[in-house]
>>> print(open('input_4.cif').read())   # mmCIF, C-alpha atoms
data_upload
loop_
_atom_site.label_atom_id
_atom_site.label_comp_id
_atom_site.auth_asym_id
_atom_site.auth_seq_id
_atom_site.Cartn_x
_atom_site.Cartn_y
_atom_site.Cartn_z
CA MET A 15 0.00 0.00 0.00
CA GLU A 16 1.35 3.35 -1.04
CA PRO A 17 0.83 6.61 0.83
CA GLN A 18 -2.25 8.29 -0.58
CA LEU A 19 -2.66 11.90 -1.58
CA SER A 20 -5.15 12.47 1.22
CA TRP A 21 -2.55 11.42 3.78
CA TYR A 22 -0.26 14.20 2.68
CA LEU A 23 -3.14 16.67 2.68
CA ALA A 24 -4.11 15.63 6.21
CA LEU A 25 -0.51 15.99 7.41
CA SER A 26 -0.36 19.42 5.82
CA ALA A 27 -3.61 20.43 7.52
CA VAL A 28 -2.30 19.28 10.89
CA LEU A 29 0.93 21.23 10.47
CA PHE A 30 -0.96 24.32 9.35
CA THR A 31 -3.28 24.08 12.35
CA ILE A 32 -0.35 23.76 14.73
CA GLY A 33 1.12 26.88 13.14
CA VAL A 34 -2.14 28.80 13.54
CA THR A 35 -2.37 27.73 17.17
CA GLY A 36 1.18 28.88 17.76
CA VAL A 37 0.53 32.30 16.24
CA ILE A 38 -2.49 32.70 18.52
CA ILE A 39 -0.97 31.60 21.80
CA LYS A 40 2.64 32.74 21.47
CA ARG A 41 3.67 36.10 22.88
CA ASN A 42 7.28 36.22 21.72
CA ILE A 43 7.39 37.87 18.31
CA ILE A 44 10.20 35.60 17.08
CA ALA A 45 8.23 32.51 18.08
CA MET A 46 5.20 33.84 16.19
CA PHE A 47 7.46 34.41 13.22
CA MET A 48 8.60 30.79 13.32
CA CYS A 49 5.00 29.61 13.51
CA ILE A 50 4.29 31.57 10.32
CA GLU A 51 7.19 29.76 8.67
CA LEU A 52 5.59 26.51 9.80
CA MET A 53 2.32 27.46 8.09
CA LEU A 54 4.15 28.33 4.87
CA ASN A 55 5.81 24.91 4.95
CA ALA A 56 2.49 23.17 5.43
CA VAL A 57 1.17 24.85 2.29
CA ASN A 58 4.38 23.90 0.46
CA LEU A 59 3.75 20.27 1.34
CA THR A 60 0.29 20.52 -0.25
CA PHE A 61 1.77 22.00 -3.41
CA VAL A 62 4.41 19.30 -3.73
CA ALA A 63 1.92 16.52 -3.01
CA PHE A 64 -0.48 17.73 -5.70
CA SER A 65 2.39 18.32 -8.11
CA SER A 66 3.64 14.80 -7.61
CA PHE A 67 0.29 13.03 -7.75
CA PHE A 68 -0.90 14.93 -10.81
CA GLN A 69 2.49 14.66 -12.54
CA ASP A 70 2.68 18.40 -13.14
CA VAL A 71 5.77 20.43 -12.33
CA THR A 72 3.87 23.71 -11.83
CA GLY A 73 3.26 23.04 -8.15
CA GLN A 74 6.95 22.75 -7.49
CA LEU A 75 7.52 26.11 -9.16
CA PHE A 76 4.99 27.57 -6.77
CA VAL A 77 6.94 26.07 -3.90
CA PHE A 78 10.09 27.66 -5.27
CA ILE A 79 8.44 31.07 -5.35
CA VAL A 80 6.90 30.60 -1.91
CA MET A 81 10.38 29.87 -0.56
CA THR A 82 11.66 33.07 -2.14
CA VAL A 83 8.84 35.04 -0.57
CA ALA A 84 9.61 33.39 2.75
CA ALA A 85 13.24 34.41 2.49
CA ALA A 86 12.26 38.01 1.73
CA GLU A 87 9.77 37.90 4.59
CA ALA A 88 12.47 36.61 6.92
CA ALA A 89 14.81 39.46 6.02
CA VAL A 90 12.22 42.22 6.36
CA GLY A 91 10.50 40.63 9.38
CA LEU A 92 13.70 40.23 11.32
CA GLY A 93 14.62 43.82 10.44
CA ILE A 94 11.31 44.94 11.92
CA ILE A 95 11.92 42.77 14.99
CA ILE A 96 15.33 44.34 15.53
CA ALA A 97 13.81 47.83 15.13
CA ILE A 98 11.07 47.03 17.65
CA PHE A 99 13.58 45.60 20.10
CA ARG A 100 15.81 48.65 19.75
CA ASN A 101 12.90 50.95 20.56
CA ARG A 102 11.13 48.94 23.25
CA GLU A 103 13.73 46.60 24.79
CA THR A 104 11.24 43.76 24.65
CA LEU A 105 9.93 41.22 22.18
CA ASP A 106 6.55 40.75 23.84
CA VAL A 107 3.80 41.51 21.36
CA ASP A 108 1.51 42.68 24.16
CA GLU A 109 3.95 45.49 24.88
CA ALA A 110 3.91 46.63 21.25
CA SER A 111 0.19 47.28 21.10
CA ILE A 112 0.28 50.76 19.59
CA LEU A 113 1.14 51.36 15.98
CA LYS A 114 4.26 53.40 16.42
CA LEU A 115 7.80 52.58 17.21
CA MET B 14 7.80 0.21 3.25
CA LEU B 15 6.80 3.63 1.91
CA VAL B 16 3.96 3.69 4.39
CA LEU B 17 6.39 3.11 7.24
CA LEU B 18 8.61 5.90 5.98
CA PHE B 19 5.62 8.20 5.64
CA ILE B 20 4.52 7.47 9.18
CA LEU B 21 8.05 8.02 10.48
CA PHE B 22 8.58 11.37 8.77
CA ALA B 23 5.03 12.59 9.36
CA GLY B 24 5.38 11.72 13.04
CA MET B 25 8.69 13.55 13.19
CA ALA B 26 7.18 16.59 11.50
CA ILE B 27 4.15 16.73 13.79
CA GLY B 28 6.22 16.10 16.91
CA CYS B 29 8.72 18.81 16.04
CA ALA B 30 5.90 21.20 15.13
CA LEU B 31 4.27 20.61 18.51
CA ALA B 32 7.64 21.23 20.14
CA VAL B 33 7.93 24.54 18.25
CA VAL B 34 4.71 25.71 19.86
CA ALA B 35 5.28 24.15 23.27
CA GLN B 36 8.83 25.35 23.93
CA ARG B 37 9.21 28.54 25.92
CA ASN B 38 12.78 29.22 24.87
CA PRO B 39 12.81 30.59 21.28
CA LEU B 40 16.13 28.89 20.59
CA TYR B 41 14.65 25.45 21.28
CA SER B 42 11.70 26.40 19.07
CA ALA B 43 14.14 27.24 16.28
CA ILE B 44 15.91 23.89 16.61
CA SER B 45 12.57 22.07 16.54
CA LEU B 46 11.57 24.05 13.46
CA ILE B 47 14.73 22.82 11.73
CA GLY B 48 13.53 19.30 12.56
CA VAL B 49 10.22 20.06 10.83
CA PHE B 50 12.05 21.32 7.76
CA ILE B 51 14.29 18.25 7.58
CA SER B 52 11.39 15.81 7.86
CA LEU B 53 9.46 17.77 5.23
CA ALA B 54 12.49 17.52 2.95
CA CYS B 55 12.43 13.74 3.43
CA LEU B 56 8.74 13.74 2.50
CA TYR B 57 9.56 15.73 -0.64
CA VAL B 58 12.09 13.06 -1.61
CA MET B 59 9.37 10.44 -1.13
CA LEU B 60 7.16 12.54 -3.41
CA ALA B 61 9.81 12.40 -6.14
CA ALA B 62 10.79 16.06 -5.82
CA PRO B 63 14.53 15.93 -5.08
CA PHE B 64 15.20 19.48 -6.26
CA ILE B 65 12.63 20.98 -3.91
CA ALA B 66 13.96 18.79 -1.11
CA ALA B 67 17.49 20.10 -1.62
CA VAL B 68 16.26 23.70 -1.81
CA GLN B 69 14.23 23.13 1.35
CA VAL B 70 17.31 22.04 3.27
CA ILE B 71 19.59 24.72 1.82
CA VAL B 72 17.26 27.73 1.91
CA TYR B 73 14.98 26.98 4.85
CA ALA B 74 17.06 24.88 7.22
CA GLY B 75 20.19 26.71 6.13
CA ALA B 76 19.72 30.34 5.30
CA ILE B 77 16.44 31.35 6.93
CA MET B 78 16.98 29.49 10.18
CA VAL B 79 20.53 30.77 10.48
CA LEU B 80 19.07 34.26 10.19
CA VAL B 81 16.46 33.52 12.87
CA VAL B 82 18.99 31.94 15.23
CA PHE B 83 21.33 34.86 14.63
CA VAL B 84 18.61 37.33 15.63
CA ILE B 85 17.72 35.27 18.70
CA MET B 86 21.36 35.30 19.78
CA LEU B 87 21.77 38.98 18.91
CA LEU B 88 18.77 40.11 20.93
CA ASN B 89 19.54 37.76 23.83
CA VAL B 90 15.92 36.72 24.18
CA GLU B 91 14.93 35.47 27.59
CA GLU B 92 12.46 32.68 28.14
CA GLU B 93 8.82 33.62 28.27
CA GLU B 94 7.67 33.68 31.83
CA ARG B 95 4.29 32.31 32.68
CA ARG B 96 1.87 35.13 32.94
CA ARG B 97 -1.60 35.96 34.02
CA GLY B 98 -4.57 37.08 32.07
CA ARG B 99 -3.93 36.76 28.41
CA LEU B 100 -3.28 33.06 28.07
CA LYS B 101 -6.25 32.15 30.23
CA PHE B 102 -8.75 32.72 27.51
CA LEU B 103 -6.40 32.50 24.54
CA LEU B 104 -5.36 28.88 25.03
CA PRO B 105 -8.92 27.44 24.99
CA LEU B 106 -9.79 29.79 22.14
CA ALA B 107 -6.77 28.63 20.13
CA ILE B 108 -7.53 24.97 20.75
CA GLY B 109 -11.19 25.49 19.82
CA LEU B 110 -10.31 27.27 16.59
CA SER B 111 -7.78 24.59 15.71
CA ALA B 112 -10.39 21.90 16.33
CA VAL B 113 -12.77 23.70 14.00
CA LEU B 114 -10.07 23.97 11.32
CA ILE B 115 -9.14 20.29 11.61
CA ALA B 116 -12.83 19.33 11.55
CA GLU B 117 -13.33 21.26 8.32
CA VAL B 118 -10.39 19.51 6.65
CA VAL B 119 -11.52 16.09 7.86
CA PHE B 120 -15.01 16.82 6.59
CA ILE B 121 -13.68 17.74 3.15
CA LEU B 122 -11.36 14.75 2.95
CA VAL B 123 -14.06 12.34 4.05
CA SER B 124 -16.88 13.76 1.99
CA MET B 125 -14.97 13.88 -1.28
CA GLN B 126 -17.23 12.10 -3.72
CA ALA B 127 -14.72 10.63 -6.14
CA PRO B 128 -11.23 9.66 -5.09
CA LEU B 129 -8.65 12.07 -6.44
CA VAL B 130 -7.76 11.33 -10.01
CA ALA B 131 -4.19 10.30 -9.70
CA SER B 132 -3.28 7.70 -7.15
CA ALA B 133 0.44 7.10 -7.60
CA PRO B 134 3.33 9.48 -7.10
CA ALA B 135 4.91 10.76 -10.24
CA GLY B 136 7.79 9.11 -11.95
CA PRO B 137 11.23 10.56 -11.34
CA ALA B 138 11.01 12.86 -14.37
CA VAL B 139 8.73 15.52 -12.89
CA GLY B 140 10.71 16.80 -9.93
CA LEU B 141 14.19 16.83 -11.40
CA THR B 142 16.20 20.01 -11.65
CA HIS B 143 15.99 19.80 -15.41
CA SER B 144 12.19 19.90 -15.62
CA VAL B 145 11.86 22.50 -12.85
CA GLY B 146 14.46 24.72 -14.47
CA SER B 147 13.10 24.46 -17.98
CA ALA B 148 9.59 25.32 -16.82
CA LEU B 149 10.88 28.15 -14.64
CA PHE B 150 12.84 29.82 -17.41
CA THR B 151 10.36 29.39 -20.25
CA GLN B 152 6.72 29.31 -19.30
CA TYR B 153 7.07 30.99 -15.91
CA LEU B 154 9.78 33.52 -16.69
CA LEU B 155 7.68 36.52 -15.67
CA PRO B 156 6.99 35.30 -12.10
CA PHE B 157 10.69 34.50 -11.81
CA GLU B 158 11.67 38.05 -12.77
CA ILE B 159 9.03 39.54 -10.48
CA THR B 160 10.50 37.44 -7.69
CA SER B 161 13.90 38.98 -8.29
CA ILE B 162 12.38 42.46 -7.94
CA LEU B 163 10.76 41.30 -4.70
CA ILE B 164 14.15 40.17 -3.39
CA LEU B 165 15.66 43.53 -4.30
CA MET B 166 12.88 45.33 -2.43
CA ALA B 167 13.42 43.06 0.57
CA ILE B 168 17.14 43.85 0.62
CA VAL B 169 16.52 47.60 0.53
CA GLY B 170 13.72 47.36 3.11
CA ALA B 171 15.75 45.26 5.51
CA MET B 172 18.72 47.61 5.30
CA THR B 173 16.50 50.64 5.85
CA LEU B 174 14.75 49.06 8.81
CA ALA B 175 17.82 47.74 10.57
CA ARG B 176 19.94 50.84 10.10
CA ARG B 177 20.60 52.93 13.15
CA GLY B 178 19.98 56.65 13.17
CA GLY B 179 17.08 57.15 10.84
CA LEU B 180 17.07 59.78 8.10
CA LEU B 181 20.45 61.34 7.57
CA SER B 182 21.10 63.37 4.46
CA ALA B 183 24.50 64.13 3.03
CA THR B 184 24.46 67.70 4.40
CA ALA B 185 23.22 66.82 7.88
CA ARG B 186 25.24 67.77 10.93
CA ILE B 187 25.18 65.74 14.09
CA VAL B 188 24.19 67.68 17.19
CA PRO B 189 25.39 66.09 20.44
CA GLY B 190 22.61 64.95 22.67
CA ALA B 191 19.97 65.48 20.02
CA ALA B 192 18.38 63.24 17.49
CA HIS B 193 20.54 62.99 14.41
CA LEU B 194 18.27 64.88 12.07
CA PRO B 195 19.00 67.39 9.35
CA LEU B 196 17.73 70.86 10.16
CA SER B 197 15.40 70.84 7.17
CA LEU B 198 13.44 67.98 8.75
CA ILE B 199 12.66 70.01 11.85
CA ASP B 200 11.97 73.26 10.05
CA PRO B 201 10.76 72.81 6.46
CA ALA B 202 11.35 76.47 5.73
CA VAL B 203 15.11 75.88 5.92
CA GLY B 204 16.53 74.47 2.74
CA HIS B 205 18.82 71.49 2.53
CA GLU B 206 21.92 73.49 1.76
CA SER B 207 21.68 75.96 4.59
CA THR B 208 22.39 73.52 7.38
CA GLU B 209 25.58 74.43 9.15
CA GLY B 210 27.15 72.64 12.05
CA VAL B 211 27.11 74.09 15.53
CA GLU B 212 28.83 72.90 18.67
CA ALA B 213 26.64 72.60 21.72
CA GLU B 214 26.42 70.56 24.90
CA THR B 215 22.66 70.12 24.98
CA THR B 216 19.82 69.90 22.55
CA ALA B 217 18.29 73.14 23.81
CA GLU B 218 21.54 75.01 23.35
CA ALA B 219 21.95 73.65 19.83
CA GLU B 220 18.42 74.70 19.00
CA ARG B 221 19.11 78.20 20.28
CA LEU B 222 22.29 78.43 18.24
CA LEU B 223 20.50 77.20 15.14
CA GLY B 224 17.62 79.59 15.72
CA ILE B 225 14.95 76.91 15.78
CA ASP B 226 14.05 76.93 19.46
CA ASN B 227 10.59 78.29 18.75
CA VAL B 228 9.77 75.89 15.92
CA SER B 229 6.82 73.66 16.68
CA ARG B 230 7.46 69.95 16.49
CA PRO B 231 5.66 66.74 17.30
CA PRO B 232 5.56 65.89 21.02
CA LYS B 233 8.31 63.72 22.39
CA ARG B 234 7.51 60.11 23.00
CA ASN B 235 7.65 58.81 26.50
#
>>> encode(input="input_4.cif", output="structure tokens")
Amino acid sequence: MEPQLSWYLALSAVLFTIGVTGVIIKRNIIAMFMCIELMLNAVNLTFVAFSSFFQDVTGQLFVFIVMTVAAAEAAVGLGIIIAIFRNRETLDVDEASILKL
Amino acid sequence: MLVLLFILFAGMAIGCALAVVAQRNPLYSAISLIGVFISLACLYVMLAAPFIAAVQVIVYAGAIMVLVVFVIMLLNVEEEERRRGRLKFLLPLAIGLSAVLIAEVVFILVSMQAPLVASAPAGPAVGLTHSVGSALFTQYLLPFEITSILILMAIVGAMTLARRGGLLSATARIVPGAAHLPLSLIDPAVGHESTEGVEAETTAEAERLLGIDNVSRPPKRN
């Protein structure tokens, strides 16, 4: 018996849900950031699974572009985190509740 | 055999993902996240996508996580302490929302009328570097180029955000004890070229010397 497509989709859904839960309950901004990366990876798994089971390379190109966007997001997001830390001396998102640095 | 491998790597991925959320120290979360990435790369290999698997390890587990770990080390993040209030209602809310999300997915997967068309993973030809590259540089050239512009914007944005000191033009003078701002930012009536340096011990003295001590400005932040 081979692993079915629905198995991969279910795994992806579980990973995505764990990421959503982490974004909701975490208070450290870096931990929330990592949970967002987890959600992006869950979606990537869906893309690759569909691409493989439908024998179409387009899904893998999407994964490639999602990875690029994730890299750009990491650079800009960590820049924002450093700016927030420099201004507030904390990484707690509850402390950064107003929209100015 | 493949089923056993799937169960192994899926279990690793879910376990590491739970550890990412459960750990209080961000550094341990980062290490667990690398575990998720590695097990996902193994799943990509099982799905006959070796190129994506290699990129996953190099870009995600390599570059991005090094950046995250670097920032964690740089900022010397302490562990989250247990705290009152917020988590009391957020934890049940998060678990409830997750249950709803999982229930939706299970409902869709169960209630699918026909089984999905394809049932076997692709042959080795689909995921190779050759096929990915040829599709990327012919049919999908425009998204590729747009992505490069996105990367350029990210570089400029990250440098602007992480730079110390804010706006500093070529003609700006640095006043001791004051914010490092060109005079034209404080008083728009003064042109860029007219800024001259003054020597002062305090901000107020520098303002008096520059003749801008009566210029209105936004209130100081606390």
>>> resolve_selection(input="input_4.cif", expression="the PyMOL selection byres ((chain A and resi 21-29) around 10)", output="compact mmCIF listing (two decimals) with C-alpha atoms, keeping the file's coordinate frame")
# COMPACT_ATOMS: atom_id res chain seq x y z
CA PRO A 17 0.83 6.61 0.83
CA GLN A 18 -2.25 8.29 -0.58
CA LEU A 19 -2.66 11.90 -1.58
CA SER A 20 -5.15 12.47 1.22
CA PHE A 30 -0.96 24.32 9.35
CA THR A 31 -3.28 24.08 12.35
CA ILE A 32 -0.35 23.76 14.73
CA GLY A 33 1.12 26.88 13.14
CA VAL A 34 -2.14 28.80 13.54
CA THR A 35 -2.37 27.73 17.17
CA CYS A 49 5.00 29.61 13.51
CA LEU A 52 5.59 26.51 9.80
CA MET A 53 2.32 27.46 8.09
CA LEU A 54 4.15 28.33 4.87
CA ASN A 55 5.81 24.91 4.95
CA ALA A 56 2.49 23.17 5.43
CA VAL A 57 1.17 24.85 2.29
CA ASN A 58 4.38 23.90 0.46
CA LEU A 59 3.75 20.27 1.34
CA THR A 60 0.29 20.52 -0.25
CA PHE A 61 1.77 22.00 -3.41
CA VAL A 62 4.41 19.30 -3.73
CA ALA A 63 1.92 16.52 -3.01
CA PHE A 64 -0.48 17.73 -5.70
CA PHE B 19 5.62 8.20 5.64
CA ILE B 20 4.52 7.47 9.18
CA ALA B 23 5.03 12.59 9.36
CA GLY B 24 5.38 11.72 13.04
CA ALA B 26 7.18 16.59 11.50
CA ILE B 27 4.15 16.73 13.79
CA GLY B 28 6.22 16.10 16.91
CA CYS B 29 8.72 18.81 16.04
CA ALA B 30 5.90 21.20 15.13
CA LEU B 31 4.27 20.61 18.51
CA VAL B 49 10.22 20.06 10.83
CA LEU B 53 9.46 17.77 5.23
CA LEU B 56 8.74 13.74 2.50
CA LEU B 60 7.16 12.54 -3.41
CA SER B 111 -7.78 24.59 15.71
CA LEU B 114 -10.07 23.97 11.32
CA ILE B 115 -9.14 20.29 11.61
CA GLU B 117 -13.33 21.26 8.32
CA VAL B 118 -10.39 19.51 6.65
CA VAL B 119 -11.52 16.09 7.86
CA LEU B 122 -11.36 14.75 2.95
>>> resolve_selection(input="input_4.cif", expression="the PyMOL selection byres ((chain A) within 6 of (chain B))", output="number ranges by chain")
A: 17, 31, 35-36, 45, 66-69, 71, 86, 89-90, 93
>>> atom_distance(input="input_4.cif", atom1="atom CA of Ser111 of chain A", atom2="atom CA of Gly91 of chain A")
17.0 Å
>>> resolve_selection(input="input_4.cif", expression="the PyMOL selection byres ((chain A and resi 98) around 10)", output="list in words")
Ile43, Leu92, Gly93, Ile94, Ile95, Ile96, Ala97, Phe99, Arg100, Asn101, Arg102, Glu103, Thr104, Leu105, Asp106, Val107, Ala110, Lys114 and Leu115 of chain A; Leu174 and Ala175 of chain B
